[in-house]
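Heads up: the structure comes next, in C-alpha cells.
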Amino acid sequence: MNKPRLAIIPGANCAGCDYSLLDLGEKVIEVLMAVDIAYWPTAADLKLEDLEKLPDGSIDLVLFEGAVNNDETEEMAKLARRKAKNLIAFGACACFGGIPGLANVASKDGILRKAYIKSLSTVNQQGTIPCKLTRLDGIELTIPEFLESVKSLDQVVNVDYYLPGCPPPLKLVAEALTAALSGKLPPKGTVFGSMKSVCDDCKRIREDKKITEIKRYHQLIPDPERCLFEQGIICMGPATRGGCDAVCPTVNVPCRGCMGPTPGSQDQGARMLSALSSVIGLEVETGVSDEEVRKLILQVKDPLGTFYRYSLPKSIMRRVWGVRE
Amino acid sequence: MVEDEEVRIGVYICHCGLNIASVVDVKKAAEEVSKVPNVVVAKDYQFMCSQPGQNIIIEDIKQHRLNRVVVAACSPRMHEPTFQKAVERGGLNPYLFEMANIREHCSWVHEKEKVAATEKAIKLVKAAIAKARLLKPLKREKVNVIPRALVIGGGIAGIRASLDIANAGFEVHLVETRPSIGGNMARLDKTFPTLDCSQCILTPLMVEVSRHPNVTLHTYTDVVNIDGSVGNFKVKLLKKPRYVDESKCTGCGTCITKCPWTAPSEFELGLGKRKAIYFEFPQAVPLIPVIDPEHCMYFQKGTCRACEKFCPTKAIDFNQKPEEIELEVGAIILATGYSLYDVAKAMPEYGYRKYKDVITGLELERLVSATGPTKGHIVRPSDGKEPKKVAIILCVGSRDEKHLRFCCRFGCVAGIKHAYYIVSHIPDAEVYICYRDIRTFGKGYEEFYERIRNYENIKFIRGSPMEILQDADGSLYFDVFDANTNRIVTLRPDLVVLETGIVPHPTFKEVAKILKCAVGPDGFALELHPKLRPTETSVDGVFLAGAVQGPKDIPDTVAQAGAAASSVIALMSKGYVETIPYVSSINEDLCSGCGICQPLCAYDAISLVKKEDGKQVAKVDIGKCKGCGVCAAACPSGAAQQLGFNDEQILAMVRTLTR
Amino acid sequence: MVENFEPNIVVFACNWCSYAGMDLAGTSRIQYPHNLKVIRVMCSGRINPVYILEAFANGADGVLVTGCHPGDCHYISGNYKTRKRIILLERLLEQFGIEKERLRLEWVSASEGEKFANIAKEFVEQIRKLGPNHIAKELRKEVAVV
C-alpha cells in the first residue's frame with residue numbers, strides 16, 4: 001500500500017511552524033516514515049517542479065504555512081489547493097494572516113519606501129525600489145510583487161482545516177497528523193483547537209475581573225498564581241481560542257491571541273475591546289465625568305495592535321483603510 | 001418547531017388608516033418584500049391591529065404554514081404584545097414575531113418625502129425579515145413564590161409592612177438588630193403636627209405585630225446572607241445571644257433591679273444609663289432583657305451572677321451561643337431606616353460632643369419623654385438646670401454640598417415642634433430657631449408652623465451659625481447673620497439643639513451588599529423608578545419601606561410601608577412570577593468561565609460555577625436576569641447571548657440595512 | 001462634498017429611553033432626514049462593537065448609538081458600559097482609517113423627541129460633509145479576488 005503523501009508548502013512564513021513539527025521530537029521520525037514527502041523546502045530537497053508534476057488532488061495532506069502577501073505566495077496557495085486532497089491552513093499566519101498580516105496597517109508602497117529608502121540604516125541615493133520586472137543585460141528578472149493587502153489562506157483559496165497558533169501547539173499538530181494519517185479527519189471546516197477560550201486551559205486563579213489600572217508587561221512582575229488580566233495586564237486569553245494549554249500564561253506571559261478568535265466570535269479584536277472596556281473602572285464608572293472615563297479607557301494605547309496582533313486580515317475590517325504611506 | 005424546518009415568513013404591512021399609507025406606498029412595499037427569500041405571503045391591510053387584521057395573520061399561519069410573522073406598522077412599544085398574542089392564537093410561539101416600525105420612525109417623520117419614506121420602510125421591513133428568519137421560540141418560565149416574607153428592620157416601616165402582609169394572610173419574619181422593635185419612632189415623645197404621643201400610637205402596633213399569629217419576630221438578630229431570587233430567597237439570620245432564655249423569661253425585671261453594673265444606654269443616646277442586663281426601653285417588645293457582656297462583671301471578671309441568682313424562672317443562661325436561623329422567603333422588604341449624621345465627627349464647628357449642652361433633636365426627644373433619663377424634665381446635660389434660652393439650629397449637615405446634599409424632610413417641622421416642647425415645659429424660656437428656609441410640605445405642617453410662629457418667645461432667625469464657641473465661664477455663644485434683618489445676632493443660649501441630617505442606617509450598607517441592590521449616590525437605596533416604582537429595588541422581589549429609600553417623615557414612611565406590603569401581597573397572591581423571555585443564555589460548550597461577564601451584571605444574575613471536570617463556567621439565574629444584554633455584548637468568546645437579541649439576529653439586521 | 005450623496009446611517013437605540021424618544025419624535029410629527037434606520041435593542045449595553053464594525057464594513061456612512069442618560073439606564077448601568085466601549089472603539093476606528101466622526105454616541109431620553117430630530121439632522125449633515133464611506137466597496141473588491 002502506498003504511503004500517504006504529505007506536502008508542507010510555505011507562504012509568507014517564518015519557518016516557526018516547521019520548528020513546531022520538529023518539536024514532535026523522535027515522533028517526527030515515525031511521521032516521516034509513515035508518509036511520502038511530496039514537498040517541504042525547509043527539510044527536503046525537492047523542487048517546485050516535482051510538486052507541479054504531481055497530479056492534481058493527489059497529495060493526501062497539504063500543510064500551508066504563512067500568510068498570502070504577494071503574487072508568489074498567492075500562486076503557492078493556489079498550487080497547494082490544486083494538489084491537495086486535504087488542505088490545512090497551518091499556523092496563525094495561514095489561518096488569519098498572523099504577524100505578516102500586520103502589514104495591513106500600511107500600504108504596499110509605503111512598506112517598500114520605508115524599507116528601501118526611508119529607514120535610517122539604508123543608503124539608497126537613487127531611491128531604487130524593487131519592482132516586479134527588471135531587465136539586466138537583456139535578461140528579464142522577475143521578483144514577486146506585494147498584494148494590496150496581506151490575506152489569510154482562506155481569503156485566496158478554499159481551506160479544509162485550520163490549525164492555528166504561532167507556532168501551532170504540538171498537541172494539536174499530533175492530533176491533526178494522526179487524524180490525517182489514519183484517515184479519520186473530522187468534518188471539513190474544522191478548526192483544530194478547543195471550542196473554548198485560552199482561559200479554559202489556564203490554571204491561574206480567577207477571582208474578580210474588575211480592573212482600574214492597565215499595566216504594561218514590563219511594569220510589574222505578575223503574581224504567578226493569579227489571572228494576569230485581573231492584575232491589569234492585557235491578556236488576550238478570554239478572546240482567544242484555546243487548545244494551546246495556555247502555555248504563555250503558564251510561564252507568566254500574557255496571551256497575545258495567536259490561536260485566533262473563539263468559535264463564537266466574529267472578530268477577535270472587537271470582542272476583546274468590548275470585554276476589556278466593559279470591565280475597566282467598573283467601580284467608578286457611574287461617578288466620573290466623560291473626561292475621566294476617557295482617561296481610564298485610553299490607558300489602552302494601541303487597540304488595533306493589541307487586539308488584532310494575529311488576526312487583522314481575517315477581521316471584519318481586514319486592514320487599515322486610506323493609508324497613504 | 002424543528003430546528004431546520006424551512007422558514008416560512010408572512011409579512012403584513014399596515015396602512016394605519018392614512019397614517020402610514022398616505023406617505024409610504026404600502027402596495028409597493030408589500031410587493032418588494034414579497035420577493036425576499038423565505039417570504040411566503042406579503043400583504044397590506046388597513047388596520048393590522050384590528051380584529052380582522054389579526055385574523056388575517058391567524059388564518060395565514062394555518063393556510064400558508066407560516067412559522068414566522070413580521071408586521072410593519074407602528075412602534076413595537078405600542079402593539080408588539082397585541083401581535084404576539086395574535087401569533088400565539090395562530091398556534092405559533094409568540095416570539096417568532098418581529099415588528100418593523102414604519103409609522104413613528106418613518107411615515108410620521110418623513111411626511112413630505114414619500115419616495116424616500118417608501119424606500120426606508122422597505123429597508124426596515126427587510127431588516128425585520130432578516131431578523132425574523134433567525135428567531136427562535138422563547139418561553140417565559142413560571143417561578144413559584146414562597147408565601148412568606150422577610151421584613152428587615154423593626155421600626156415603624158417594618159412594623160406597618162409586616163402587619164399589612166400578615167393581615168392579608170401571609171407569613172412574615174420580622175428581623176430587628178436591636179433587642180426590641182420600635183426603631184427611632186420609639187424615641188420620640190410627640191409626633192408633629194398633631195402632637196400626639198408617639199409611644200401611644202406606636203406601642204399598640206408593636207404589641208400587635210408581636211402577637212400576630214402570622215408574624216415571627218427575630219429581635220437582636222442580623223441578616224448574614226441572602227441567596228436566590230424573587231420567589232425563592234434563602235435567608236440566613238444570626239440571632240445574637242441575649243443570655244436570657246426567651247422561653248422562660250416573663251419580663252418581670254427582677255434581674256435588672258438586682259444588677260449592680262451600669263453602662264450608657266443606647267436607646268437614650270448616651271443621655272441616660274442602663275444596667276448590664278437591660279430592657280432596650282421600658283415598653284420593649286419583646287419584653288425580654290439582654291446581657292451586655294462588655295459591661296457584665298460575670299463576663300468580664302467571672303464573678304457576680306446576681307441576675308441568675310434572683311431570676312425567679314431560671315431564665316439566665318450565660319452559655320447561650322449565637323444561633324443561625326435559615327429561612328426561605330418569597331419576597332423581602334427593606335425597612336432599615338436611618339441614623340443621624342455623625343455631626344460630632346463631620347462638623348466639629350458645632351461643638352457637638354465637645355460641649356455637653358449641644359444636643360441633637362433626637363436627644364431632646366429623650367429629655368422630654370416621661371420615660372426618658374430626666375423623666376420628662378428639660379434640663380441642661382452639663383448642670384441639670386432648666387435652660388432659659390435655647391437655640392435650635394436647622395439643616396445641620398443637610399442641604400450642604402460639603403456634607404449631605406439632600407433635605408432631611410423633617411428637620412424643619414421637628415425643630416418647630418422642639419421649640420414648642422421647650423416653651424410648653426418652660427413657659428418663660430426664649431427659643432431661637434436658626435433656619436435657612438422653613439419647609440412645611442406635609443399635611444397640616446404649615447398650619448402647625450403658623451401656630452408655633454405666633455408664640456412671642458419663639459423667634460426665627462434666618463441664618464446658620466458658623467461656629468459655636470464657649471466663653472471662659474463655660475457659657476456657649478455664637479454669631480449668626482440674620483438675612484431677614486441684615487444683622488449679625490449674637491446668641492448666648494443655655495442649650496443648643498441641632499436638627500441634624502440623616503443617613504441610611506449602617507445595616508443597610510451590609511444588606512445592600514448581600515443583596516447587590518442598587519444604592520444611590522446619597523447612600524440610600526435606589527428605587528427602580530423615582531416616580532413610578534418608588535418601592536421597588538433593582539432586585540426583583542425586594543421592596544423598600546421608609547427612610548431606607550431616602551429621608552421621610554412618619555406619614556410618608558407608613559404610606560410607603562403599605563405600598564411595599566401590597567407589592568409583596570400581590571406577588572404572593574398570584575403565587576408565581578414569570579421570567580422575561582429575553583434573558584441571557586450561556587453556551588456552556590463555548591464558555592471558558594473567564595469571568596468577564598460576572599461583575600458586569602447589575603442584578604448579580606451571573607455566577608461562576610465549577611463543573612464536574614473542575615472547569616469553570618458562567619451560569620445565569622433567569623429569575624434574576626432582566627435581559628439587558630450587557631454580558632452578551634461584553635463576552636469575549638461569544639458564549640453569552642441574549643435570547644431574542646442574539647449576535648446573528650442583530651448582525652443580520654445590520655447587514656440588511658447597510659448593504 | 002459629493003453631489004446627491006444620501007448617507008446611510010444605522011441607529012442603535014435602547015428600548016426604554018432612546019427608542020421611546022424616537023417614537024415621540026414620530027407622534028409629535030417632528031420631521032427629520034430619512035437617512036437614519038433604527039435597530040432596537042433592550043439596552044445600549046447590548047451593543048457589541050462588532051455590530052458597529054460590521055455596519056462600517058458593509059457600507060454604513062455613519063453609526064449613531066443612543067441610550068438613556070447617565071443615571072437613567074433602565075438596567076441601572078448598561079449605558080456606562082456603552083460609554084466606555086465607544087471611547088475605545090473610536091480610537092480603534094481612527095486606527096482603521098475610519099473618521100471617528102462617523103460614529104456618534106448620544107443620550108436620548110423618552111421625552112427628547114425634538115433632541116433626537118436635531119441630532120439626526122446634525123449627524124446627517126456631518127456625514128454629508130465627510131462624504132461616503134468607501135470601505136465597503138474596497139472590501140468587496142478584495143473579497144471578489146477569491
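Residues in the C-alpha cells are numbered from 1 in each chain, the chains being A, B, ... in the order shown, and ligands are numbered from 1 in the order shown.
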Once you count only C-alpha atoms, which residues of chain B turn out to be within 9 Å of chain C? Could you give them as a VMD selection string? chain B and resid 75 77 101 103 to 113 116 to 117 120 123 to 124 127 518 528 to 529 538 582 600 to 603 626 to 634 642 645 647 650 to 651 653 to 655 657 to 659
Would you output that residue set with C-alpha atoms, as a compact mmCIF listing (two decimals), in the first residue's frame?
```
# COMPACT_ATOMS: atom_id res chain seq x y z
CA SER B 75 -43.91 51.17 17.27
CA ARG B 77 -43.73 49.67 22.17
CA ASN B 101 -41.78 50.47 12.92
CA ARG B 103 -45.11 54.81 11.44
CA GLU B 104 -43.31 56.61 14.30
CA HIS B 105 -39.94 56.03 12.67
CA CYS B 106 -40.96 56.59 9.07
CA SER B 107 -44.28 57.91 7.77
CA TRP B 108 -44.79 60.38 10.62
CA VAL B 109 -41.29 61.82 10.45
CA HIS B 110 -40.83 61.90 6.67
CA GLU B 111 -44.26 63.21 5.71
CA LYS B 112 -43.03 65.15 2.72
CA GLU B 113 -40.59 62.58 1.36
CA ALA B 116 -37.59 58.11 0.34
CA ALA B 117 -40.00 57.10 3.07
CA LYS B 120 -36.83 53.39 4.02
CA LYS B 123 -35.46 48.55 4.18
CA LEU B 124 -36.89 48.46 7.68
CA ALA B 127 -34.29 44.15 8.25
CA ALA B 518 -28.58 49.42 43.74
CA LEU B 528 -36.41 51.26 40.48
CA HIS B 529 -38.04 54.44 39.24
CA SER B 538 -33.13 46.73 41.30
CA TYR B 582 -35.16 37.99 26.55
CA LEU B 600 -20.87 43.47 34.82
CA CYS B 601 -24.30 42.17 35.75
CA ALA B 602 -26.22 44.84 37.63
CA TYR B 603 -28.54 42.20 39.03
CA LYS B 626 -33.52 41.38 33.44
CA GLY B 627 -32.45 40.96 29.84
CA CYS B 628 -30.26 43.98 29.23
CA GLY B 629 -27.66 42.04 27.27
CA VAL B 630 -24.65 43.79 28.80
CA CYS B 631 -22.98 40.44 29.44
CA ALA B 632 -23.60 39.23 25.91
CA ALA B 633 -22.05 42.37 24.45
CA ALA B 634 -19.00 42.01 26.67
CA GLN B 642 -29.26 37.39 24.71
CA PHE B 645 -31.40 39.69 20.53
CA ASP B 647 -25.49 38.37 17.64
CA ILE B 650 -28.69 41.81 15.19
CA LEU B 651 -25.92 41.35 12.62
CA MET B 653 -30.33 43.49 10.61
CA VAL B 654 -27.10 45.46 10.37
CA ARG B 655 -26.18 43.78 7.10
CA LEU B 657 -29.65 47.96 6.48
CA THR B 658 -26.15 48.62 5.18
CA ARG B 659 -25.83 46.54 2.06
```
Please, which residues of chain A lie no more than 9 Å from chain C when the count uses only C-alpha atoms, and can they be set out as a ChimeraX atom specification? /A:105,148-149,154-158,266-267,269-271,273-280,282,285-286,290,293-294,296-298,300-304,316-323
Counting only C-alpha atoms, give me one row per residue of chain B with an atom at most 10 Å from an atom of chain A, showing the shortest contact pair and its distance in Å to one decimal, sorted by chain then residue number, as JSON lines.
```
{"residue": "B:Pro521", "atom": "CA", "partner": "A:Gly287", "partner_atom": "CA", "distance": 8.3}
{"residue": "B:Asn587", "atom": "CA", "partner": "A:Gly264", "partner_atom": "CA", "distance": 9.4}
{"residue": "B:Glu588", "atom": "CA", "partner": "A:Lys196", "partner_atom": "CA", "distance": 9.0}
{"residue": "B:Asp589", "atom": "CA", "partner": "A:Met195", "partner_atom": "CA", "distance": 6.7}
{"residue": "B:Leu590", "atom": "CA", "partner": "A:Lys196", "partner_atom": "CA", "distance": 4.8}
{"residue": "B:Cys591", "atom": "CA", "partner": "A:Lys196", "partner_atom": "CA", "distance": 5.9}
{"residue": "B:Ser592", "atom": "CA", "partner": "A:Asp200", "partner_atom": "CA", "distance": 4.6}
{"residue": "B:Gly593", "atom": "CA", "partner": "A:Asp200", "partner_atom": "CA", "distance": 6.9}
{"residue": "B:Cys594", "atom": "CA", "partner": "A:Cys199", "partner_atom": "CA", "distance": 5.6}
{"residue": "B:Gly595", "atom": "CA", "partner": "A:Lys209", "partner_atom": "CA", "distance": 6.3}
{"residue": "B:Ile596", "atom": "CA", "partner": "A:Lys209", "partner_atom": "CA", "distance": 5.8}
{"residue": "B:Cys597", "atom": "CA", "partner": "A:Ala275", "partner_atom": "CA", "distance": 8.1}
{"residue": "B:Gln598", "atom": "CA", "partner": "A:Lys209", "partner_atom": "CA", "distance": 8.0}
{"residue": "B:Pro599", "atom": "CA", "partner": "A:Lys209", "partner_atom": "CA", "distance": 6.8}
{"residue": "B:Leu600", "atom": "CA", "partner": "A:Val279", "partner_atom": "CA", "distance": 6.9}
{"residue": "B:Leu608", "atom": "CA", "partner": "A:Glu207", "partner_atom": "CA", "distance": 9.7}
{"residue": "B:Lys615", "atom": "CA", "partner": "A:Asp200", "partner_atom": "CA", "distance": 6.9}
{"residue": "B:Gln616", "atom": "CA", "partner": "A:Asp200", "partner_atom": "CA", "distance": 7.5}
{"residue": "B:Val617", "atom": "CA", "partner": "A:Asp200", "partner_atom": "CA", "distance": 8.9}
{"residue": "B:Val630", "atom": "CA", "partner": "A:Ser278", "partner_atom": "CA", "distance": 8.7}
{"residue": "B:Cys631", "atom": "CA", "partner": "A:Ala275", "partner_atom": "CA", "distance": 8.9}
{"residue": "B:Ala632", "atom": "CA", "partner": "A:Ala275", "partner_atom": "CA", "distance": 9.6}
{"residue": "B:Ala633", "atom": "CA", "partner": "A:Ser274", "partner_atom": "CA", "distance": 6.9}
{"residue": "B:Ala634", "atom": "CA", "partner": "A:Ala275", "partner_atom": "CA", "distance": 4.4}
{"residue": "B:Cys635", "atom": "CA", "partner": "A:Ala275", "partner_atom": "CA", "distance": 6.0}
{"residue": "B:Pro636", "atom": "CA", "partner": "A:Ala239", "partner_atom": "CA", "distance": 4.6}
{"residue": "B:Ser637", "atom": "CA", "partner": "A:Ala239", "partner_atom": "CA", "distance": 5.1}
{"residue": "B:Gly638", "atom": "CA", "partner": "A:Gly264", "partner_atom": "CA", "distance": 4.5}
{"residue": "B:Ala639", "atom": "CA", "partner": "A:Gly264", "partner_atom": "CA", "distance": 6.2}
{"residue": "B:Ala640", "atom": "CA", "partner": "A:Gly264", "partner_atom": "CA", "distance": 9.1}
{"residue": "B:Gln641", "atom": "CA", "partner": "A:Gly264", "partner_atom": "CA", "distance": 9.9}
{"residue": "B:Asp647", "atom": "CA", "partner": "A:Gln266", "partner_atom": "CA", "distance": 9.1}
{"residue": "B:Glu648", "atom": "CA", "partner": "A:Gln266", "partner_atom": "CA", "distance": 9.7}
```
Skip Asp522 in chain B itself and residues of its chain fewer than 5 positions away, then list as number ranges by chain all residues within 9 Å of it, counting only C-alpha atoms. B: 404-406, 503-504, 550
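Candidate residues A:Ala67, A:Leu220, A:Ile59, A:Ile211 were compared for distance to Gly232 in chain A, and the nearest is A:Ile211, using only C-alpha atoms.
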Could you pull out the strand (DSSP E) residues of range 56-141 of chain C, going by DSSP on the backbone, and write them as a ChimeraX atom specification? /C:62-67,103-107
Selection near Val558 in chain B, 12 Å with only C-alpha atoms, sequence-local residues under 5 positions removed, as a ChimeraX atom specification: /B:155-164,185,202,335,337,544-547,552-553,563-565
